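Asks: Next comes the structure file input.csv, holding CSV, C-alpha atoms and all ligand atoms.
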chain,number,residue,atom,x,y,z
D,331,MET,CA,195.9,-24.1,-76.3
D,332,LEU,CA,193.7,-22.2,-73.8
D,333,VAL,CA,192.3,-23.7,-70.6
D,334,LEU,CA,189.4,-21.6,-69.4
D,335,PHE,CA,188.3,-22.1,-65.8
D,336,ASP,CA,185.2,-21.2,-63.9
D,337,LEU,CA,185.9,-20.0,-60.3
D,338,ASP,CA,183.1,-21.0,-58.0
D,339,ASP,CA,183.0,-24.7,-57.2
D,340,THR,CA,185.7,-25.4,-59.8
D,341,LEU,CA,188.8,-23.7,-58.4
D,342,ILE,CA,187.4,-22.5,-55.1
D,343,GLU,CA,185.2,-24.7,-52.8
D,344,THR,CA,182.5,-22.0,-52.7
D,345,THR,CA,179.6,-24.2,-51.6
D,346,GLN,CA,181.5,-26.0,-48.8
D,347,SER,CA,183.9,-23.4,-47.6
D,348,ILE,CA,181.8,-20.2,-48.0
D,349,VAL,CA,178.1,-20.6,-48.7
D,350,GLU,CA,177.2,-23.5,-46.4
D,351,PRO,CA,179.0,-22.1,-43.2
D,352,ARG,CA,177.3,-18.8,-43.9
D,353,LEU,CA,173.9,-20.4,-44.5
D,354,ASP,CA,174.3,-21.8,-41.0
D,355,ARG,CA,174.7,-18.3,-39.7
D,356,VAL,CA,171.9,-17.0,-41.7
D,357,LEU,CA,169.6,-19.6,-40.2
D,358,ASP,CA,170.5,-18.5,-36.7
D,359,LYS,CA,169.8,-14.9,-37.7
D,360,MET,CA,166.4,-15.9,-39.1
D,361,ILE,CA,165.5,-17.8,-36.0
D,362,SER,CA,166.6,-14.9,-33.7
D,363,SER,CA,164.5,-12.6,-35.9
D,364,GLY,CA,161.5,-14.7,-35.1
D,365,LEU,CA,161.2,-17.2,-37.9
D,366,ASN,CA,159.3,-20.1,-36.6
D,367,ILE,CA,161.5,-23.2,-37.0
D,368,GLU,CA,160.7,-26.3,-34.9
D,369,ASP,CA,163.6,-28.5,-36.0
D,370,ARG,CA,166.8,-26.5,-36.7
D,371,ASP,CA,168.8,-29.5,-38.1
D,372,GLU,CA,166.1,-30.4,-40.5
D,373,ALA,CA,165.7,-26.7,-41.6
D,374,LEU,CA,169.4,-26.5,-42.2
D,375,LEU,CA,169.3,-29.6,-44.4
D,376,VAL,CA,166.4,-28.1,-46.4
D,377,LEU,CA,168.4,-24.9,-46.9
D,378,GLU,CA,171.5,-26.7,-48.0
D,379,ARG,CA,169.6,-28.9,-50.4
D,380,LEU,CA,167.8,-25.9,-51.9
D,381,ASN,CA,171.2,-24.3,-52.4
D,382,ARG,CA,172.8,-27.4,-53.9
D,383,THR,CA,170.0,-28.0,-56.4
D,384,GLY,CA,169.0,-24.4,-57.1
D,385,SER,CA,170.7,-21.9,-59.4
D,386,SER,CA,171.9,-19.6,-56.7
D,387,SER,CA,172.1,-19.1,-52.9
D,388,LYS,CA,169.7,-16.2,-53.3
D,389,GLU,CA,167.1,-18.4,-55.0
D,390,ALA,CA,167.6,-21.0,-52.2
D,391,LEU,CA,167.1,-18.4,-49.5
D,392,GLU,CA,164.0,-17.0,-51.2
D,393,GLU,CA,162.4,-20.4,-51.5
D,394,PHE,CA,163.3,-21.3,-47.9
D,395,ILE,CA,161.8,-18.1,-46.6
D,396,PHE,CA,158.7,-18.8,-48.6
D,397,LEU,CA,158.5,-22.4,-47.3
D,398,TYR,CA,158.8,-21.3,-43.7
D,399,GLY,CA,156.6,-18.3,-44.0
D,400,GLY,CA,159.3,-15.7,-43.2
D,401,ASP,CA,159.5,-12.0,-44.0
D,402,ARG,CA,161.2,-10.8,-47.2
D,403,ALA,CA,163.4,-8.6,-45.1
D,404,LEU,CA,165.2,-11.7,-44.0
D,405,LEU,CA,166.2,-12.3,-47.6
D,406,VAL,CA,168.1,-9.0,-47.9
D,407,HIS,CA,169.8,-9.6,-44.6
D,408,GLY,CA,170.7,-13.2,-45.4
D,409,GLN,CA,172.2,-12.2,-48.8
D,410,LYS,CA,174.4,-9.7,-47.1
D,411,ILE,CA,175.8,-12.3,-44.9
D,412,ILE,CA,176.4,-14.8,-47.8
D,413,SER,CA,178.1,-12.3,-50.1
D,414,ASP,CA,180.1,-10.4,-47.5
D,415,PRO,CA,183.4,-9.7,-49.3
D,416,GLU,CA,185.4,-9.0,-46.1
D,417,PHE,CA,185.8,-12.7,-45.1
D,418,ASN,CA,186.4,-11.9,-41.4
D,419,ASP,CA,184.3,-15.0,-40.6
D,420,LEU,CA,186.0,-17.6,-42.7
D,421,THR,CA,188.7,-18.3,-45.3
D,422,PRO,CA,187.7,-19.4,-48.7
D,423,GLN,CA,189.4,-22.6,-49.7
D,424,MET,CA,190.8,-23.7,-53.0
D,425,VAL,CA,189.7,-27.0,-54.4
D,426,ILE,CA,192.3,-29.6,-53.4
D,427,GLY,CA,194.9,-30.1,-56.1
D,428,SER,CA,193.9,-27.1,-58.1
D,429,GLU,CA,196.8,-24.9,-57.1
D,430,LYS,CA,199.3,-27.5,-58.3
D,431,LEU,CA,197.3,-28.1,-61.4
D,432,LEU,CA,197.4,-24.4,-62.3
D,433,TYR,CA,201.2,-24.2,-61.9
D,434,ASP,CA,201.6,-27.4,-64.0
D,435,LEU,CA,199.3,-26.4,-66.8
D,436,LYS,CA,200.8,-22.9,-67.0
D,437,SER,CA,203.8,-24.3,-68.8
D,438,ILE,CA,201.7,-25.9,-71.6
D,439,ALA,CA,198.7,-23.6,-72.0
D,440,ASN,CA,197.3,-20.1,-71.5
D,441,LEU,CA,195.1,-20.1,-68.4
D,442,ILE,CA,192.0,-17.9,-68.4
D,443,LEU,CA,189.4,-17.4,-65.7
D,444,VAL,CA,185.8,-16.4,-66.4
D,445,THR,CA,183.5,-16.0,-63.4
D,446,ARG,CA,180.0,-14.7,-63.0
D,447,GLY,CA,179.1,-12.5,-60.1
D,448,ASP,CA,179.8,-9.3,-58.3
D,449,GLU,CA,183.2,-7.9,-59.1
D,450,ILE,CA,184.3,-7.0,-55.6
D,451,PHE,CA,183.0,-10.3,-54.1
D,452,GLN,CA,184.7,-12.4,-56.8
D,453,GLN,CA,188.0,-10.6,-56.6
D,454,SER,CA,188.0,-10.8,-52.8
D,455,LYS,CA,187.3,-14.6,-52.9
D,456,MET,CA,190.3,-15.0,-55.3
D,457,LYS,CA,192.6,-13.1,-53.0
D,458,LYS,CA,191.5,-14.6,-49.7
D,459,SER,CA,191.7,-18.1,-51.0
D,460,GLY,CA,195.3,-17.8,-52.1
D,461,LEU,CA,194.5,-18.5,-55.8
D,462,PRO,CA,197.6,-17.8,-57.8
D,463,TYR,CA,195.9,-15.3,-60.0
D,464,SER,CA,199.1,-14.0,-61.6
D,465,LEU,CA,199.2,-17.3,-63.5
D,466,PHE,CA,196.1,-16.3,-65.5
D,467,SER,CA,196.6,-14.5,-68.9
D,468,LYS,CA,193.1,-13.1,-68.3
D,469,ILE,CA,190.6,-12.9,-65.5
D,470,GLU,CA,187.1,-11.8,-66.5
D,471,VAL,CA,184.3,-11.2,-64.0
D,472,THR,CA,181.0,-10.8,-65.7
D,473,SER,CA,177.5,-10.0,-64.5
D,474,SER,CA,175.8,-11.4,-67.5
D,475,SER,CA,175.9,-14.7,-69.6
D,476,LYS,CA,179.3,-16.2,-70.2
D,477,LYS,CA,178.9,-16.7,-73.9
D,478,GLY,CA,179.8,-13.1,-74.8
D,479,CYS,CA,183.0,-13.5,-72.7
D,480,TYR,CA,183.9,-16.7,-74.5
D,481,GLU,CA,183.5,-15.1,-77.9
D,482,THR,CA,185.6,-12.1,-76.9
D,483,ILE,CA,188.4,-14.5,-75.6
D,484,LEU,CA,188.4,-16.5,-78.8
D,485,LYS,CA,189.0,-13.3,-80.8
D,486,GLU,CA,191.5,-11.8,-78.3
D,487,PHE,CA,193.6,-14.9,-78.2
D,488,LYS,CA,193.1,-15.7,-81.9
D,489,THR,CA,192.4,-19.3,-81.0
D,490,PRO,CA,190.1,-21.7,-82.8
D,491,PRO,CA,187.3,-23.0,-80.4
D,492,ASN,CA,188.5,-26.6,-80.6
D,493,ARG,CA,191.8,-25.4,-79.0
D,494,VAL,CA,189.9,-24.2,-75.9
D,495,ILE,CA,189.1,-26.4,-73.0
D,496,VAL,CA,186.4,-25.1,-70.7
D,497,VAL,CA,186.4,-26.5,-67.1
D,498,ALA,CA,183.3,-25.7,-65.0
D,499,ASP,CA,180.7,-27.1,-62.6
D,500,ARG,CA,177.5,-25.8,-64.2
D,501,ILE,CA,176.2,-27.2,-67.4
D,502,GLU,CA,173.7,-24.6,-68.4
D,503,ASP,CA,175.6,-21.5,-67.5
D,504,ASP,CA,179.1,-22.5,-68.2
D,505,LEU,CA,179.3,-25.4,-70.6
D,506,GLU,CA,176.3,-25.2,-72.9
D,507,PRO,CA,177.5,-21.8,-74.3
D,508,ALA,CA,181.0,-23.2,-74.7
D,509,LYS,CA,179.7,-26.3,-76.5
D,510,GLU,CA,177.6,-24.0,-78.8
D,511,LEU,CA,180.8,-22.2,-79.8
D,512,GLY,CA,182.6,-25.5,-80.5
D,513,MET,CA,184.9,-25.5,-77.4
D,514,VAL,CA,186.0,-28.6,-75.6
D,515,THR,CA,183.9,-29.0,-72.4
D,516,VAL,CA,184.8,-30.6,-69.1
D,517,LEU,CA,182.3,-30.9,-66.3
D,518,TYR,CA,183.8,-30.8,-62.9
D,519,ARG,CA,181.2,-32.7,-61.1
D,520,ALA,CA,181.6,-31.4,-57.6
D,521,MET,CA,178.9,-30.1,-55.3
D,522,ARG,CA,176.4,-29.6,-58.0
D,523,ASN,CA,175.5,-32.3,-60.5
D,524,ARG,CA,177.0,-35.0,-58.3
D,525,PHE,CA,173.7,-36.8,-58.0
D,526,SER,CA,171.9,-35.5,-61.0
D,527,ILE,CA,171.4,-37.3,-64.3
D,528,LEU,CA,173.5,-35.7,-67.0
D,529,PRO,CA,172.2,-34.7,-70.4
D,530,ASP,CA,174.6,-36.7,-72.5
D,531,LEU,CA,175.4,-34.5,-75.5
D,532,CYS,CA,176.5,-31.3,-73.9
D,533,VAL,CA,179.8,-32.2,-72.3
D,534,ASP,CA,182.9,-33.9,-73.7
D,535,TYR,CA,184.4,-35.1,-70.4
D,536,VAL,CA,183.1,-35.5,-66.8
D,537,ILE,CA,185.7,-35.4,-64.0
D,538,GLU,CA,185.2,-35.8,-60.3
D,539,ASP,CA,188.7,-34.9,-59.2
D,540,ILE,CA,190.4,-31.8,-60.6
D,541,ALA,CA,193.6,-33.8,-61.2
D,542,GLN,CA,191.7,-35.8,-63.9
D,543,LEU,CA,192.2,-32.8,-66.1
D,544,TYR,CA,195.9,-33.6,-66.8
D,545,PRO,CA,195.3,-36.4,-69.3
D,546,ILE,CA,192.6,-34.4,-71.0
D,547,VAL,CA,194.8,-31.4,-71.6
D,548,GLU,CA,197.7,-33.7,-72.7
D,549,GLU,CA,195.4,-35.5,-75.1
D,550,ARG,CA,194.2,-32.2,-76.6
D,551,CYS,CA,197.6,-30.4,-76.7
H,1,MG,MG,180.9,-22.5,-60.8
In structure tokens, write the structure found in this file.
Ligand SMILES: [Mg+2]
Replies:
Amino acid sequence: MLVLFDLDDTLIETTQSIVEPRLDRVLDKMISSGLNIEDRDEALLVLERLNRTGSSSKEALEEFIFLYGGDRALLVHGQKIISDPEFNDLTPQMVIGSEKLLYDLKSIANLILVTRGDEIFQQSKMKKSGLPYSLFSKIEVTSSSKKGCYETILKEFKTPPNRVIVVADRIEDDLEPAKELGMVTVLYRAMRNRFSILPDLCVDYVIEDIAQLYPIVEERC
């Protein structure tokens, strides 16, 4: 049995503990660079909403700058703040209960982590959050679609797809390709998707607390 985890907003509270505090700082930078914002609180809400509903913080920033008539140079600067791998400004937090979950599951399944993004930034997040990465049999950081990674893992671990549980927060990027390959899909409905209507066929389970994974793994083991 393999349990394959996503990183951002599945094991690490990326939106709440990294992106949103940094968006707050980016907004200050944009204002001090001359972006005309009348109501800061309202602007921050707009920015956070764009981030929670969009596909990436970059896209959210782009749209925000477009909406408020800002210069494109702000985007480059803002992105630098958001994806700063040093983490001198804050400490990335693990999702509550996820550390214990990983230790507990380790005794009954192989744990795998597949995350999409910049290698240095993703590795840094893992280290700074205290994620027990030595528990994972494999950690894969990819810059492209996850489907290829999933296929490689199936071959490498010689596991039939119905013996792989994929846990993630994004339906399109993480779970649709898993479902296409015949894997068991668990949507961790955290920051994203919390208020959205779910397309019904693409996930096998929906959980809102990471501890709800225990009975699912037991049932499938
Ligand atoms: Mg994610």
Asks: Which polymer residues have any atom within 9 Å of an atom of segment 483-492 of chain D, counting only C-alpha atoms, with same-chain residues fewer than 5 positions away left out, as a PDB file with C-alpha atoms, in the coordinates of the input?
Replies:
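To be explicit, this is the file written out as part-v9.pdb:
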ATOM      1  CA  MET D 331     195.900 -24.100 -76.300  1.00  0.00           C
ATOM      2  CA  LEU D 332     193.700 -22.200 -73.800  1.00  0.00           C
ATOM      3  CA  ILE D 442     192.000 -17.900 -68.400  1.00  0.00           C
ATOM      4  CA  LYS D 468     193.100 -13.100 -68.300  1.00  0.00           C
ATOM      5  CA  GLY D 478     179.800 -13.100 -74.800  1.00  0.00           C
ATOM      6  CA  ALA D 508     181.000 -23.200 -74.700  1.00  0.00           C
ATOM      7  CA  LEU D 511     180.800 -22.200 -79.800  1.00  0.00           C
ATOM      8  CA  GLY D 512     182.600 -25.500 -80.500  1.00  0.00           C
ATOM      9  CA  MET D 513     184.900 -25.500 -77.400  1.00  0.00           C
ATOM     10  CA  VAL D 514     186.000 -28.600 -75.600  1.00  0.00           C
ATOM     11  CA  ARG D 550     194.200 -32.200 -76.600  1.00  0.00           C
TER      12      ARG D 550
END
Asks: Restricting the calculation to only C-alpha atoms, which member of D:Pro545, D:Pro351, D:Gly384, D:Gly400 is positioned closest to Gly364 of chain D?
Replies: D:Gly400
Asks: Could the residues that lie within 10 Å of ligand MG 1 (chain H), counting only C-alpha atoms and all ligand atoms, be listed as an MDAnalysis selection string?
Replies: chainID D and resid 335:345 444:446 497:501 503:504 518 520:522
Asks: Write out as a list in words which residues come within 6 Å of Val516 of chain D when counting only C-alpha atoms, dropping same-chain ones fewer than 2 positions away.
Replies: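 The filter keeps Val496, Val497, Asp534, Tyr535 and Val536 of chain D.
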Asks: Using all atoms listed in the file, determine which residues lie at most 9 Å from Gln453 of chain D, disregarding the query and same-chain residues fewer than 4 positions distant; provide the list as an mmCIF file with C-alpha atoms, in the coordinates of the input.
Replies:
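Writing the result to out_1.cif gives the following:
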data_model
loop_
_atom_site.group_PDB
_atom_site.id
_atom_site.type_symbol
_atom_site.label_atom_id
_atom_site.label_comp_id
_atom_site.auth_asym_id
_atom_site.auth_seq_id
_atom_site.Cartn_x
_atom_site.Cartn_y
_atom_site.Cartn_z
ATOM 1 C CA PRO D 415 183.400 -9.700 -49.300
ATOM 2 C CA ASP D 448 179.800 -9.300 -58.300
ATOM 3 C CA GLU D 449 183.200 -7.900 -59.100
ATOM 4 C CA LYS D 457 192.600 -13.100 -53.000
ATOM 5 C CA LYS D 458 191.500 -14.600 -49.700
ATOM 6 C CA VAL D 471 184.300 -11.200 -64.000
#
Asks: Which residues come within 9 Å of Leu543 of chain D, counting all atoms listed in the file, excluding same-chain residues fewer than 4 positions away, as an MDAnalysis selection string?
Replies: chainID D and resid 431 497 516 537 539 547:548
Asks: At what distance in Å, to one decimal, does atom CA of Cys479 of chain D lie from atom CA of Ile450 of chain D?
Replies: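 That distance, rounded to one decimal, is 18.3 Å.
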Asks: When you look at Val406 of chain D with a cut-off of 10 Å (counting all atoms listed in the file), what residues show up, excluding the ones that are within fewer than 4 positions of it in the same chain? I need them as a count of residues only.
Replies: 7
Asks: What residues have an atom no more than 12 Å from (192.3, -28.2, -49.2) in the file's own frame, counting all atoms listed in the file, and can you write them as a list of chain:residue names?
Replies: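 The residues that fall inside the cut-off are D:Leu341, D:Ile342, D:Glu343, D:Gln346, D:Ser347, D:Thr421, D:Pro422, D:Gln423, D:Met424, D:Val425, D:Ile426, D:Gly427, D:Ser428, D:Glu429, D:Lys430, D:Ser459, D:Gly460, D:Leu461.
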Asks: Please measure the separation of atom CA of Leu357 of chain D and atom CA of Phe417 of chain D, giving the value in Å to one decimal.
Replies: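 Atom CA of Phe417 of chain D lies at a distance of 18.3 Å from atom CA of Leu357 of chain D.
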Asks: Just to confirm, what's the straight-line distance from atom CA of Asp414 of chain D to atom CA of Gln452 of chain D in Å (one decimal)?
Replies: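 Interatomic distance here is 10.6 Å.
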Asks: Considering all atoms listed in the file, can you say which of D:Asn440, D:Lys359, D:Glu481, D:Ser387 comes closest to Ala403 of chain D?
Replies: D:Lys359
Asks: Find the residues with any atom within 10 Å of (164.1, -24.5, -36.7); use only C-alpha atoms and the coordinates as given in the file, and write the answer as number ranges by chain.
Replies: D: 357-358, 360-361, 365-374, 398
Asks: Return the single residue from D:Leu505, D:Ile395, D:Leu353, D:Leu465 that is closest to Arg382 of chain D, with distances computed using all atoms listed in the file.
Replies: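 Residue with the minimum atom-to-atom distance to Arg382 of chain D: D:Leu353.
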